[in-house]
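Text of work31.pdb, listed as PDB, C-alpha atoms and all ligand atoms:
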```
MODEL        1
ATOM      1  CA  MET A   1     105.230  -1.498 -26.613
ATOM      2  CA  THR A   2     105.788   0.727 -23.624
ATOM      3  CA  ALA A   3     103.651   0.220 -20.543
ATOM      4  CA  THR A   4     101.184   2.676 -19.043
ATOM      5  CA  ILE A   5     102.770   4.155 -15.927
ATOM      6  CA  LEU A   6     100.464   3.822 -12.929
ATOM      7  CA  ASP A   7     100.966   7.100 -11.069
ATOM      8  CA  GLY A   8     100.675   6.301  -7.359
ATOM      9  CA  LYS A   9     101.608   9.813  -6.367
ATOM     10  CA  ALA A  10      98.590  11.308  -8.158
ATOM     11  CA  PHE A  11      96.307   8.458  -7.039
ATOM     12  CA  ALA A  12      97.382   8.909  -3.399
ATOM     13  CA  ALA A  13      96.700  12.659  -3.641
ATOM     14  CA  GLY A  14      93.154  11.814  -4.766
ATOM     15  CA  ILE A  15      92.680   9.469  -1.792
ATOM     16  CA  ARG A  16      93.928  12.163   0.596
ATOM     17  CA  THR A  17      91.432  14.645  -0.903
ATOM     18  CA  GLN A  18      88.613  12.157  -0.264
ATOM     19  CA  VAL A  19      89.898  11.524   3.269
ATOM     20  CA  ALA A  20      90.070  15.278   3.970
ATOM     21  CA  ALA A  21      86.467  15.752   2.746
ATOM     22  CA  ASN A  22      85.307  12.970   5.056
ATOM     23  CA  VAL A  23      87.246  14.390   8.007
ATOM     24  CA  GLU A  24      85.608  17.774   7.398
ATOM     25  CA  ARG A  25      82.162  16.126   7.313
ATOM     26  CA  LEU A  26      82.852  14.231  10.560
ATOM     27  CA  LYS A  27      83.899  17.476  12.237
ATOM     28  CA  THR A  28      81.026  19.660  11.085
ATOM     29  CA  GLU A  29      78.166  17.136  11.090
ATOM     30  CA  ASN A  30      79.198  14.936  14.006
ATOM     31  CA  GLY A  31      81.613  17.031  16.077
ATOM     32  CA  ILE A  32      84.253  14.267  15.805
ATOM     33  CA  THR A  33      87.896  14.707  14.778
ATOM     34  CA  PRO A  34      89.508  11.402  13.769
ATOM     35  CA  GLY A  35      92.767  10.759  15.638
ATOM     36  CA  LEU A  36      95.748   8.561  14.732
ATOM     37  CA  ALA A  37      98.382   7.517  17.298
ATOM     38  CA  VAL A  38     101.769   6.399  16.008
ATOM     39  CA  VAL A  39     104.214   4.658  18.336
ATOM     40  CA  LEU A  40     107.918   4.541  17.494
ATOM     41  CA  VAL A  41     110.359   2.635  19.690
ATOM     42  CA  GLY A  42     114.015   3.508  19.114
ATOM     43  CA  GLU A  43     115.715   5.601  16.478
ATOM     44  CA  ASP A  44     115.851   3.515  13.297
ATOM     45  CA  PRO A  45     116.449   6.203  10.622
ATOM     46  CA  ALA A  46     114.050   4.763   8.017
ATOM     47  CA  SER A  47     111.310   4.377  10.643
ATOM     48  CA  GLN A  48     111.859   7.962  11.801
ATOM     49  CA  VAL A  49     111.342   9.188   8.224
ATOM     50  CA  TYR A  50     108.106   7.175   7.838
ATOM     51  CA  VAL A  51     106.741   8.311  11.196
ATOM     52  CA  ARG A  52     107.452  11.973  10.449
ATOM     53  CA  SER A  53     105.752  11.635   7.094
ATOM     54  CA  LYS A  54     102.716   9.923   8.632
ATOM     55  CA  GLY A  55     102.353  12.653  11.269
ATOM     56  CA  LYS A  56     102.610  15.430   8.680
ATOM     57  CA  GLN A  57     100.037  13.900   6.315
ATOM     58  CA  THR A  58      97.658  13.116   9.202
ATOM     59  CA  VAL A  59      97.571  16.793  10.148
ATOM     60  CA  GLU A  60      97.287  17.885   6.481
ATOM     61  CA  VAL A  61      93.994  15.988   6.055
ATOM     62  CA  GLY A  62      92.623  17.613   9.219
ATOM     63  CA  MET A  63      93.004  14.717  11.667
ATOM     64  CA  ASN A  64      94.659  14.744  15.079
ATOM     65  CA  SER A  65      98.111  13.132  15.194
ATOM     66  CA  TYR A  66      99.488  11.698  18.425
ATOM     67  CA  GLU A  67     103.145  10.678  18.274
ATOM     68  CA  HIS A  68     104.718   8.558  20.981
ATOM     69  CA  LYS A  69     108.483   8.213  20.699
ATOM     70  CA  LEU A  70     109.927   5.725  23.158
ATOM     71  CA  ASP A  71     113.483   4.939  24.118
ATOM     72  CA  VAL A  72     115.074   1.957  22.331
ATOM     73  CA  GLU A  73     115.344   0.126  25.673
ATOM     74  CA  THR A  74     111.709   0.639  26.675
ATOM     75  CA  PRO A  75     110.550  -2.449  28.626
ATOM     76  CA  GLU A  76     107.776  -4.479  27.014
ATOM     77  CA  ALA A  77     105.447  -3.809  29.967
ATOM     78  CA  ASP A  78     105.738  -0.045  29.402
ATOM     79  CA  LEU A  79     104.892  -0.375  25.698
ATOM     80  CA  LEU A  80     101.912  -2.617  26.502
ATOM     81  CA  ALA A  81     100.729  -0.090  29.109
ATOM     82  CA  LEU A  82     100.870   2.707  26.513
ATOM     83  CA  ILE A  83      98.857   0.615  24.038
ATOM     84  CA  GLU A  84      96.281  -0.116  26.741
ATOM     85  CA  GLN A  85      95.977   3.623  27.384
ATOM     86  CA  LEU A  86      95.529   4.345  23.632
ATOM     87  CA  ASN A  87      92.973   1.516  23.340
ATOM     88  CA  ALA A  88      90.901   3.207  26.066
ATOM     89  CA  ASP A  89      91.248   6.760  24.691
ATOM     90  CA  PRO A  90      88.099   7.803  22.772
ATOM     91  CA  ALA A  91      90.044  10.512  20.880
ATOM     92  CA  VAL A  92      92.256   7.836  19.321
ATOM     93  CA  HIS A  93      90.591   5.961  16.435
ATOM     94  CA  GLY A  94      93.713   4.403  14.928
ATOM     95  CA  ILE A  95      96.875   2.992  16.506
ATOM     96  CA  LEU A  96     100.026   2.112  14.574
ATOM     97  CA  VAL A  97     103.147   0.643  16.159
ATOM     98  CA  GLN A  98     106.005   1.178  13.716
ATOM     99  CA  LEU A  99     107.841  -2.043  12.792
ATOM    100  CA  PRO A 100     110.399  -3.452  13.123
ATOM    101  CA  LEU A 101     110.559  -3.283  16.918
ATOM    102  CA  PRO A 102     113.840  -3.660  18.829
ATOM    103  CA  SER A 103     114.656  -7.355  19.296
ATOM    104  CA  HIS A 104     113.812  -7.528  23.034
ATOM    105  CA  LEU A 105     110.151  -6.787  22.228
ATOM    106  CA  ASN A 106     107.747  -9.522  21.107
ATOM    107  CA  GLU A 107     106.212  -8.098  17.934
ATOM    108  CA  ASP A 108     103.257 -10.523  17.832
ATOM    109  CA  LEU A 109     102.382  -9.858  21.465
ATOM    110  CA  VAL A 110     102.566  -6.095  20.975
ATOM    111  CA  ILE A 111     100.501  -6.055  17.757
ATOM    112  CA  ASN A 112      97.877  -8.362  19.242
ATOM    113  CA  SER A 113      97.488  -6.071  22.259
ATOM    114  CA  ILE A 114      96.061  -3.324  19.999
ATOM    115  CA  ASP A 115      92.246  -3.090  19.982
ATOM    116  CA  PRO A 116      91.403  -4.738  16.601
ATOM    117  CA  ALA A 117      88.922  -1.926  15.868
ATOM    118  CA  LYS A 118      91.807   0.588  16.121
ATOM    119  CA  ASP A 119      94.351  -1.613  14.308
ATOM    120  CA  VAL A 120      94.715   0.599  11.218
ATOM    121  CA  ASP A 121      97.635  -1.560  10.008
ATOM    122  CA  GLY A 122      95.353  -4.620   9.866
ATOM    123  CA  PHE A 123      98.063  -6.776  11.482
ATOM    124  CA  HIS A 124      96.097  -8.035  14.541
ATOM    125  CA  ILE A 125      95.262 -11.742  14.279
ATOM    126  CA  SER A 126      91.535 -10.901  14.441
ATOM    127  CA  ASN A 127      91.825  -8.697  11.370
ATOM    128  CA  VAL A 128      93.971 -11.290   9.585
ATOM    129  CA  GLY A 129      91.264 -13.901  10.262
ATOM    130  CA  LEU A 130      88.421 -11.598   9.221
ATOM    131  CA  LEU A 131      90.186 -10.733   5.942
ATOM    132  CA  GLY A 132      90.925 -14.414   5.264
ATOM    133  CA  THR A 133      87.268 -15.332   5.714
ATOM    134  CA  GLY A 134      85.957 -12.434   3.623
ATOM    135  CA  GLN A 135      84.511 -10.511   6.567
ATOM    136  CA  LYS A 136      84.713  -6.781   7.275
ATOM    137  CA  SER A 137      88.151  -6.025   8.735
ATOM    138  CA  MET A 138      90.899  -3.445   8.849
ATOM    139  CA  VAL A 139      92.951  -4.082   5.700
ATOM    140  CA  PRO A 140      96.785  -3.697   5.633
ATOM    141  CA  CYS A 141      97.680  -0.398   3.977
ATOM    142  CA  THR A 142     100.176  -1.396   1.280
ATOM    143  CA  PRO A 143      98.094  -4.273  -0.160
ATOM    144  CA  LEU A 144      94.992  -2.055   0.024
ATOM    145  CA  GLY A 145      96.818   0.599  -2.003
ATOM    146  CA  CYS A 146      97.845  -2.010  -4.599
ATOM    147  CA  LEU A 147      94.269  -3.294  -4.843
ATOM    148  CA  MET A 148      92.891   0.210  -5.352
ATOM    149  CA  MET A 149      95.360   0.859  -8.191
ATOM    150  CA  LEU A 150      94.547  -2.485  -9.830
ATOM    151  CA  ARG A 151      90.788  -1.871  -9.627
ATOM    152  CA  GLU A 152      91.212   1.610 -11.063
ATOM    153  CA  HIS A 153      93.243   0.273 -14.003
ATOM    154  CA  HIS A 154      91.332  -2.938 -14.754
ATOM    155  CA  GLY A 155      87.829  -2.336 -13.446
ATOM    156  CA  SER A 156      87.033  -5.980 -12.634
ATOM    157  CA  LEU A 157      89.888  -8.333 -11.660
ATOM    158  CA  SER A 158      87.637 -11.393 -11.902
ATOM    159  CA  GLY A 159      89.280 -14.452 -13.435
ATOM    160  CA  LEU A 160      92.712 -12.863 -13.885
ATOM    161  CA  ASP A 161      95.850 -14.853 -12.994
ATOM    162  CA  ALA A 162      97.729 -13.061 -10.218
ATOM    163  CA  VAL A 163     101.175 -13.990  -8.916
ATOM    164  CA  VAL A 164     102.326 -12.473  -5.650
ATOM    165  CA  VAL A 165     106.091 -12.789  -5.241
ATOM    166  CA  GLY A 166     106.751 -12.602  -1.495
ATOM    167  CA  ARG A 167     104.967 -14.134   1.478
ATOM    168  CA  SER A 168     105.311 -11.539   4.249
ATOM    169  CA  ASN A 169     102.532 -10.927   6.755
ATOM    170  CA  ILE A 170     102.624  -7.212   5.898
ATOM    171  CA  VAL A 171     102.249  -7.475   2.109
ATOM    172  CA  GLY A 172     102.360 -10.891   0.406
ATOM    173  CA  LYS A 173      99.788 -12.845   2.401
ATOM    174  CA  PRO A 174      97.150 -10.084   2.764
ATOM    175  CA  MET A 175      97.664  -9.125  -0.911
ATOM    176  CA  ALA A 176      96.871 -12.703  -1.927
ATOM    177  CA  GLN A 177      93.696 -12.659   0.211
ATOM    178  CA  LEU A 178      92.529  -9.388  -1.353
ATOM    179  CA  LEU A 179      93.122 -10.660  -4.904
ATOM    180  CA  LEU A 180      91.268 -13.867  -4.061
ATOM    181  CA  GLY A 181      88.436 -11.713  -2.709
ATOM    182  CA  ASP A 182      88.276 -10.032  -6.133
ATOM    183  CA  SER A 183      88.085 -13.464  -7.810
ATOM    184  CA  CYS A 184      91.630 -13.677  -9.190
ATOM    185  CA  THR A 185      93.356 -17.052  -9.495
ATOM    186  CA  VAL A 186      96.175 -16.451  -7.032
ATOM    187  CA  THR A 187      99.635 -17.959  -6.732
ATOM    188  CA  ILE A 188     101.978 -16.993  -3.900
ATOM    189  CA  ALA A 189     105.598 -17.441  -4.963
ATOM    190  CA  HIS A 190     108.715 -16.959  -2.859
ATOM    191  CA  SER A 191     112.440 -17.604  -2.635
ATOM    192  CA  ARG A 192     111.980 -21.406  -2.672
ATOM    193  CA  THR A 193     109.538 -21.480  -5.590
ATOM    194  CA  LYS A 194     110.685 -23.814  -8.378
ATOM    195  CA  ASP A 195     110.900 -22.216 -11.829
ATOM    196  CA  LEU A 196     110.014 -18.762 -10.531
ATOM    197  CA  PRO A 197     110.425 -17.119 -13.976
ATOM    198  CA  ASP A 198     107.865 -19.529 -15.489
ATOM    199  CA  VAL A 199     105.436 -18.948 -12.617
ATOM    200  CA  VAL A 200     105.688 -15.169 -13.043
ATOM    201  CA  ARG A 201     105.298 -15.497 -16.834
ATOM    202  CA  ARG A 202     101.809 -16.984 -16.354
ATOM    203  CA  ALA A 203     100.536 -13.896 -14.560
ATOM    204  CA  ASP A 204      98.170 -11.217 -15.830
ATOM    205  CA  ILE A 205      98.994  -9.377 -12.588
ATOM    206  CA  VAL A 206     102.424  -9.507 -10.926
ATOM    207  CA  ILE A 207     102.889  -8.159  -7.405
ATOM    208  CA  ALA A 208     106.601  -8.007  -6.533
ATOM    209  CA  ALA A 209     107.112  -7.777  -2.774
ATOM    210  CA  VAL A 210     110.345  -9.536  -1.902
ATOM    211  CA  GLY A 211     112.702  -6.703  -0.981
ATOM    212  CA  ARG A 212     115.396  -7.663  -3.504
ATOM    213  CA  PRO A 213     116.526  -4.879  -5.829
ATOM    214  CA  GLN A 214     115.545  -5.357  -9.498
ATOM    215  CA  MET A 215     115.023  -9.094  -9.039
ATOM    216  CA  VAL A 216     112.204  -9.438 -11.599
ATOM    217  CA  PRO A 217     113.482  -8.719 -15.138
ATOM    218  CA  GLY A 218     111.343  -7.863 -18.151
ATOM    219  CA  ASP A 219     111.720 -11.323 -19.685
ATOM    220  CA  TRP A 220     109.789 -12.847 -16.744
ATOM    221  CA  ILE A 221     106.777 -10.649 -17.590
ATOM    222  CA  LYS A 222     103.934 -11.811 -19.839
ATOM    223  CA  PRO A 223     103.424  -9.204 -22.587
ATOM    224  CA  GLY A 224     100.668  -6.816 -21.539
ATOM    225  CA  ALA A 225     100.657  -7.870 -17.860
ATOM    226  CA  THR A 226     100.127  -5.381 -15.038
ATOM    227  CA  VAL A 227     103.159  -5.107 -12.757
ATOM    228  CA  ILE A 228     102.860  -3.702  -9.234
ATOM    229  CA  ASP A 229     106.261  -3.119  -7.654
ATOM    230  CA  VAL A 230     106.126  -2.931  -3.859
ATOM    231  CA  GLY A 231     109.906  -2.928  -3.349
ATOM    232  CA  ILE A 232     111.753   0.143  -2.112
ATOM    233  CA  ASN A 233     115.474  -0.619  -2.187
ATOM    234  CA  ARG A 234     118.359   1.806  -1.946
ATOM    235  CA  ILE A 235     121.314   0.899  -4.197
ATOM    236  CA  PRO A 236     124.629   2.585  -4.985
ATOM    237  CA  ALA A 237     124.439   5.056  -7.888
ATOM    238  CA  PRO A 238     128.056   5.864  -8.835
ATOM    239  CA  GLU A 239     126.747   7.564 -12.010
ATOM    240  CA  LYS A 240     125.334  10.308  -9.736
ATOM    241  CA  GLY A 241     128.680  10.772  -7.973
ATOM    242  CA  GLU A 242     130.772   9.060  -5.363
ATOM    243  CA  GLY A 243     128.801   7.669  -2.422
ATOM    244  CA  LYS A 244     125.437   8.543  -4.043
ATOM    245  CA  THR A 245     122.459   6.174  -3.974
ATOM    246  CA  ARG A 246     119.098   5.813  -5.690
ATOM    247  CA  LEU A 247     115.822   4.001  -5.034
ATOM    248  CA  VAL A 248     114.798   0.988  -7.116
ATOM    249  CA  GLY A 249     111.999  -1.538  -6.843
ATOM    250  CA  ASP A 250     111.972  -5.340  -6.873
ATOM    251  CA  VAL A 251     111.326  -5.144 -10.627
ATOM    252  CA  ASP A 252     113.914  -4.160 -13.201
ATOM    253  CA  PHE A 253     111.872  -1.209 -14.431
ATOM    254  CA  ASP A 254     113.819  -0.457 -17.627
ATOM    255  CA  THR A 255     113.294  -3.938 -19.113
ATOM    256  CA  ALA A 256     109.823  -4.549 -17.608
ATOM    257  CA  VAL A 257     108.375  -1.274 -18.932
ATOM    258  CA  GLU A 258     109.031  -2.541 -22.490
ATOM    259  CA  VAL A 259     106.926  -5.690 -21.973
ATOM    260  CA  ALA A 260     104.234  -4.880 -19.403
ATOM    261  CA  GLY A 261     100.857  -3.349 -20.206
ATOM    262  CA  ALA A 262     101.002  -1.229 -17.058
ATOM    263  CA  ILE A 263     103.588  -0.781 -14.322
ATOM    264  CA  THR A 264     104.133   1.179 -11.112
ATOM    265  CA  PRO A 265     107.390   3.153 -10.937
ATOM    266  CA  VAL A 266     109.717   3.352  -7.917
ATOM    267  CA  PRO A 267     109.591   5.922  -6.442
ATOM    268  CA  GLY A 268     106.103   7.305  -7.095
ATOM    269  CA  GLY A 269     104.135   4.076  -7.437
ATOM    270  CA  VAL A 270     102.923   2.020  -4.487
ATOM    271  CA  GLY A 271     104.950   3.989  -1.883
ATOM    272  CA  PRO A 272     102.709   7.078  -1.636
ATOM    273  CA  MET A 273      99.602   4.845  -1.523
ATOM    274  CA  THR A 274     100.597   3.259   1.802
ATOM    275  CA  ILE A 275     100.230   6.389   3.949
ATOM    276  CA  ALA A 276      97.138   7.496   1.973
ATOM    277  CA  CYS A 277      95.531   4.135   2.851
ATOM    278  CA  LEU A 278      96.581   4.510   6.491
ATOM    279  CA  LEU A 279      94.670   7.810   6.595
ATOM    280  CA  ALA A 280      91.728   6.145   4.824
ATOM    281  CA  ASN A 281      91.757   3.308   7.387
ATOM    282  CA  THR A 282      91.730   5.831  10.237
ATOM    283  CA  VAL A 283      88.602   7.497   8.828
ATOM    284  CA  THR A 284      86.995   4.071   8.336
ATOM    285  CA  ALA A 285      87.850   3.084  11.945
ATOM    286  CA  CYS A 286      86.471   6.393  13.236
ATOM    287  CA  CYS A 287      83.165   5.928  11.385
ATOM    288  CA  ARG A 288      82.800   2.338  12.607
ATOM    289  CA  ALA A 289      83.612   3.342  16.217
ATOM    290  CA  ASN A 290      80.845   5.944  16.103
ATOM    291  CA  GLY A 291      78.238   3.808  14.343
ATOM    292  CA  LEU A 292      78.371   6.026  11.233
ATOM    293  CA  ALA A 293      78.215   4.912   7.601
ATOM    294  CA  GLU A 294      81.748   4.449   6.324
ATOM    295  CA  PRO A 295      82.837   6.311   3.178
ATOM    296  CA  GLU A 296      82.681   4.514  -0.168
ATOM    297  CA  GLY A 297      85.906   3.727  -1.973
ATOM    298  CA  LEU A 298      88.253   4.067   0.998
ATOM    299  CA  THR A 299      88.412   0.370   1.914
ATOM    300  CA  ALA A 300      88.426  -3.026   0.192
TER     301      ALA A 300
HETATM  302  N1  LIG B   1     107.199  -0.974   8.750
HETATM  303  C1  LIG B   1     107.266  -1.102   7.403
HETATM  304  N2  LIG B   1     106.027  -1.076   6.862
HETATM  305  C2  LIG B   1     105.171  -0.924   7.900
HETATM  306  C3  LIG B   1     103.756  -0.805   7.974
HETATM  307  O1  LIG B   1     103.024  -0.856   6.977
HETATM  308  N3  LIG B   1     103.252  -0.639   9.223
HETATM  309  C4  LIG B   1     104.035  -0.605  10.337
HETATM  310  N4  LIG B   1     103.420  -0.476  11.516
HETATM  311  N5  LIG B   1     105.343  -0.707  10.294
HETATM  312  C5  LIG B   1     105.902  -0.853   9.083
ENDMDL
END
```

Here is the file; what I need is its structure written in the form of structure tokens.
Amino acid sequence: MTATILDGKAFAAGIRTQVAANVERLKTENGITPGLAVVLVGEDPASQVYVRSKGKQTVEVGMNSYEHKLDVETPEADLLALIEQLNADPAVHGILVQLPLPSHLNEDLVINSIDPAKDVDGFHISNVGLLGTGQKSMVPCTPLGCLMMLREHHGSLSGLDAVVVGRSNIVGKPMAQLLLGDSCTVTIAHSRTKDLPDVVRRADIVIAAVGRPQMVPGDWIKPGATVIDVGINRIPAPEKGEGKTRLVGDVDFDTAVEVAGAITPVPGGVGPMTIACLLANTVTACCRANGLAEPEGLTA
């Protein structure tokens, strides 16, 4: 059996089309243009790529993009002052501070200084608490993208056994909350989990979010299970030439695709969904800020 490939690239394009239609409606019917502010401190190359991509896609769906690039040595007080200014700016509906931050900055303090209503990453402790108690919140983008793909493939997730491998605040923990919200039986596994292969083998849904290249092989997968690979790891690819690299996930795709019922590829699976969900969250935040009905299908 070969698994169905869950095409995140196509799915994300569909989300962006819906976002663009909603942006157009907000402009023409309400005279409002949603705006997303992205703050980057320092010059981490991977972060620069993400931020550029976010800015480009924000403009492509018709929203305003505000980029703030700060020096790597920016004092914490200056960053907090910028966030305060963005919190107060009515043209800004979403604020994202790119992580990781340089080590002299307190990430928790910075994230929790963002107005929770504009926290389109869903990382503020208020949003974490709202999600954990099943209340309306801003939902972290990558887990939201995974949930959308799972719902599209399965319809109802009710009663399914889900194993989330990885316990990060950005993916693992919010992913587990979302799956619980959809009535899955959820296990969170991690590097200290005993008998990890056996735990993963019980799952109808596997979410791999550990950041270790090809760590989950096909023989850990229950036949027919749905595998969502959140990992994006760059590894050497000598077969492509000296010094060349390629992207792989946390799942060993070549063996897993033979066992799974459905699987996301890397690249082209979960990756494109993250920015699409960021744009969706910005539209949702804009509607909420203006007391307007929020679009269907763009949040959890
Ligand atoms: N760095 C890696 N992933 C993310 C994300 O989803 N949001 C932010 N703000 N930074 C990140």

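Considering the residues A:Gly8, A:Val39, A:Glu29, A:Gln98 and counting only C-alpha atoms and all ligand atoms, ligand LIG 1 (chain B) has its shortest atom-to-atom contact with A:Gln98.
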
One number please: atom CA of Leu180 of chain A to atom CA of Ala260 of chain A, in Å, one decimal.
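Going from atom CA of Leu180 of chain A over to atom CA of Ala260 of chain A covers 22.0 Å.
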
If the limit is 8 Å from any atom of ligand LIG 1 (chain B), counting only C-alpha atoms and all ligand atoms, which residues qualify? Return them as a PDB file with C-alpha atoms, in the coordinates of the input.
```
ATOM      1  CA  SER A  47     111.310   4.377  10.643  1.00  0.00           C
ATOM      2  CA  LEU A  96     100.026   2.112  14.574  1.00  0.00           C
ATOM      3  CA  VAL A  97     103.147   0.643  16.159  1.00  0.00           C
ATOM      4  CA  GLN A  98     106.005   1.178  13.716  1.00  0.00           C
ATOM      5  CA  LEU A  99     107.841  -2.043  12.792  1.00  0.00           C
ATOM      6  CA  PRO A 100     110.399  -3.452  13.123  1.00  0.00           C
ATOM      7  CA  ASP A 121      97.635  -1.560  10.008  1.00  0.00           C
ATOM      8  CA  PRO A 140      96.785  -3.697   5.633  1.00  0.00           C
ATOM      9  CA  CYS A 141      97.680  -0.398   3.977  1.00  0.00           C
ATOM     10  CA  THR A 142     100.176  -1.396   1.280  1.00  0.00           C
ATOM     11  CA  ILE A 170     102.624  -7.212   5.898  1.00  0.00           C
ATOM     12  CA  THR A 274     100.597   3.259   1.802  1.00  0.00           C
TER      13      THR A 274
END
```

Counting all atoms listed in the file, I want the residues whose atoms come within 10 Å of (96.8, -7.7, 10.2) in the file frame, returned as a PDB file with C-alpha atoms, in the frame of the given file.
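Below you can see part_36.pdb, which holds the result:
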```pdb
ATOM      1  CA  ILE A 111     100.501  -6.055  17.757  1.00  0.00           C
ATOM      2  CA  ASN A 112      97.877  -8.362  19.242  1.00  0.00           C
ATOM      3  CA  PRO A 116      91.403  -4.738  16.601  1.00  0.00           C
ATOM      4  CA  ASP A 119      94.351  -1.613  14.308  1.00  0.00           C
ATOM      5  CA  VAL A 120      94.715   0.599  11.218  1.00  0.00           C
ATOM      6  CA  ASP A 121      97.635  -1.560  10.008  1.00  0.00           C
ATOM      7  CA  GLY A 122      95.353  -4.620   9.866  1.00  0.00           C
ATOM      8  CA  PHE A 123      98.063  -6.776  11.482  1.00  0.00           C
ATOM      9  CA  HIS A 124      96.097  -8.035  14.541  1.00  0.00           C
ATOM     10  CA  ILE A 125      95.262 -11.742  14.279  1.00  0.00           C
ATOM     11  CA  SER A 126      91.535 -10.901  14.441  1.00  0.00           C
ATOM     12  CA  ASN A 127      91.825  -8.697  11.370  1.00  0.00           C
ATOM     13  CA  VAL A 128      93.971 -11.290   9.585  1.00  0.00           C
ATOM     14  CA  GLY A 129      91.264 -13.901  10.262  1.00  0.00           C
ATOM     15  CA  LEU A 130      88.421 -11.598   9.221  1.00  0.00           C
ATOM     16  CA  LEU A 131      90.186 -10.733   5.942  1.00  0.00           C
ATOM     17  CA  SER A 137      88.151  -6.025   8.735  1.00  0.00           C
ATOM     18  CA  MET A 138      90.899  -3.445   8.849  1.00  0.00           C
ATOM     19  CA  VAL A 139      92.951  -4.082   5.700  1.00  0.00           C
ATOM     20  CA  PRO A 140      96.785  -3.697   5.633  1.00  0.00           C
ATOM     21  CA  CYS A 141      97.680  -0.398   3.977  1.00  0.00           C
ATOM     22  CA  ASN A 169     102.532 -10.927   6.755  1.00  0.00           C
ATOM     23  CA  ILE A 170     102.624  -7.212   5.898  1.00  0.00           C
ATOM     24  CA  VAL A 171     102.249  -7.475   2.109  1.00  0.00           C
ATOM     25  CA  LYS A 173      99.788 -12.845   2.401  1.00  0.00           C
ATOM     26  CA  PRO A 174      97.150 -10.084   2.764  1.00  0.00           C
TER      27      PRO A 174
END
```

Query raised in the report: Which distance in Å separates atom CA of Gly268 of chain A and atom CA of Ala237 of chain A, to one decimal?
Result: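 Pair atom CA of Gly268 of chain A / atom CA of Ala237 of chain A returns 18.5 Å.
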
> Out of A:Val186, A:Val110, A:Val251, A:Ile83, which residue has the shortest atom-to-atom distance to Val38 of chain A when counting only C-alpha atoms?
Replying inline: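 Using only C-alpha atoms, the shortest distance to Val38 of chain A belongs to A:Ile83.
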
**Message:** As a check of understanding, name the residues that the PyMOL selection byres (((chain A and resi 272) around 12) and not hetatm) selects in the supplied structure, as JSON, numbers by chain.
**Reply:** {"A": [6, 7, 8, 9, 10, 11, 12, 13, 14, 15, 16, 50, 53, 54, 57, 141, 142, 145, 146, 149, 230, 232, 264, 265, 266, 267, 268, 269, 270, 271, 273, 274, 275, 276, 277, 278, 279]}

Any idea what's packed within 10 Å of Thr74 of chain A, counting all atoms listed in the file, ignoring anything in its chain fewer than 5 positions away? Could you give it as a short mmCIF file (atom, residue, chain, number, x, y, z; two decimals) with C-alpha atoms, in the coordinates of the input?
```cif
data_model
loop_
_atom_site.label_atom_id
_atom_site.label_comp_id
_atom_site.auth_asym_id
_atom_site.auth_seq_id
_atom_site.Cartn_x
_atom_site.Cartn_y
_atom_site.Cartn_z
CA VAL A 41 110.36 2.64 19.69
CA GLY A 42 114.02 3.51 19.11
CA LEU A 79 104.89 -0.38 25.70
CA PRO A 102 113.84 -3.66 18.83
CA HIS A 104 113.81 -7.53 23.03
CA LEU A 105 110.15 -6.79 22.23
#
```

Could you write out as a tab-separated table (two decimals) with C-alpha atoms, in the frame of the given file the residues that the PyMOL selection byres (((chain A and resi 3) around 8) and not hetatm) matches in the shown file?
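Printed below is out.tsv as written:
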```
chain	number	residue	atom	x	y	z
A	1	MET	CA	105.23	-1.50	-26.61
A	2	THR	CA	105.79	0.73	-23.62
A	4	THR	CA	101.18	2.68	-19.04
A	5	ILE	CA	102.77	4.16	-15.93
A	224	GLY	CA	100.67	-6.82	-21.54
A	257	VAL	CA	108.38	-1.27	-18.93
A	258	GLU	CA	109.03	-2.54	-22.49
A	259	VAL	CA	106.93	-5.69	-21.97
A	260	ALA	CA	104.23	-4.88	-19.40
A	261	GLY	CA	100.86	-3.35	-20.21
A	262	ALA	CA	101.00	-1.23	-17.06
A	263	ILE	CA	103.59	-0.78	-14.32
```

Enumerate, as a JSON list (two decimals) with C-alpha atoms, keeping the file's coordinate frame, the protein, DNA and RNA residues whose atoms approach (90.7, 9.1, 3.7) to within 9 Å, taking into account only C-alpha atoms and the coordinate frame of the file.
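Writing the result to selection.json gives the following:
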```json
[["chain", "number", "residue", "atom", "x", "y", "z"],
["A", 15, "ILE", "CA", 92.68, 9.47, -1.79],
["A", 16, "ARG", "CA", 93.93, 12.16, 0.60],
["A", 17, "THR", "CA", 91.43, 14.64, -0.90],
["A", 18, "GLN", "CA", 88.61, 12.16, -0.26],
["A", 19, "VAL", "CA", 89.90, 11.52, 3.27],
["A", 20, "ALA", "CA", 90.07, 15.28, 3.97],
["A", 21, "ALA", "CA", 86.47, 15.75, 2.75],
["A", 22, "ASN", "CA", 85.31, 12.97, 5.06],
["A", 23, "VAL", "CA", 87.25, 14.39, 8.01],
["A", 61, "VAL", "CA", 93.99, 15.99, 6.06],
["A", 276, "ALA", "CA", 97.14, 7.50, 1.97],
["A", 277, "CYS", "CA", 95.53, 4.14, 2.85],
["A", 278, "LEU", "CA", 96.58, 4.51, 6.49],
["A", 279, "LEU", "CA", 94.67, 7.81, 6.60],
["A", 280, "ALA", "CA", 91.73, 6.14, 4.82],
["A", 281, "ASN", "CA", 91.76, 3.31, 7.39],
["A", 282, "THR", "CA", 91.73, 5.83, 10.24],
["A", 283, "VAL", "CA", 88.60, 7.50, 8.83],
["A", 284, "THR", "CA", 87.00, 4.07, 8.34],
["A", 295, "PRO", "CA", 82.84, 6.31, 3.18],
["A", 298, "LEU", "CA", 88.25, 4.07, 1.00]]
```

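Between Val163 of chain A and the candidates A:Ala203, A:Arg151, A:Leu196, A:Phe253, the tightest atom-to-atom separation, counting all atoms listed in the file, involves A:Ala203.
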
Resolved residues for the PyMOL selection byres (((chain A and resi 246) around 7) and not hetatm) as a PyMOL selection string:
chain A and resi 234-237+245+247-248
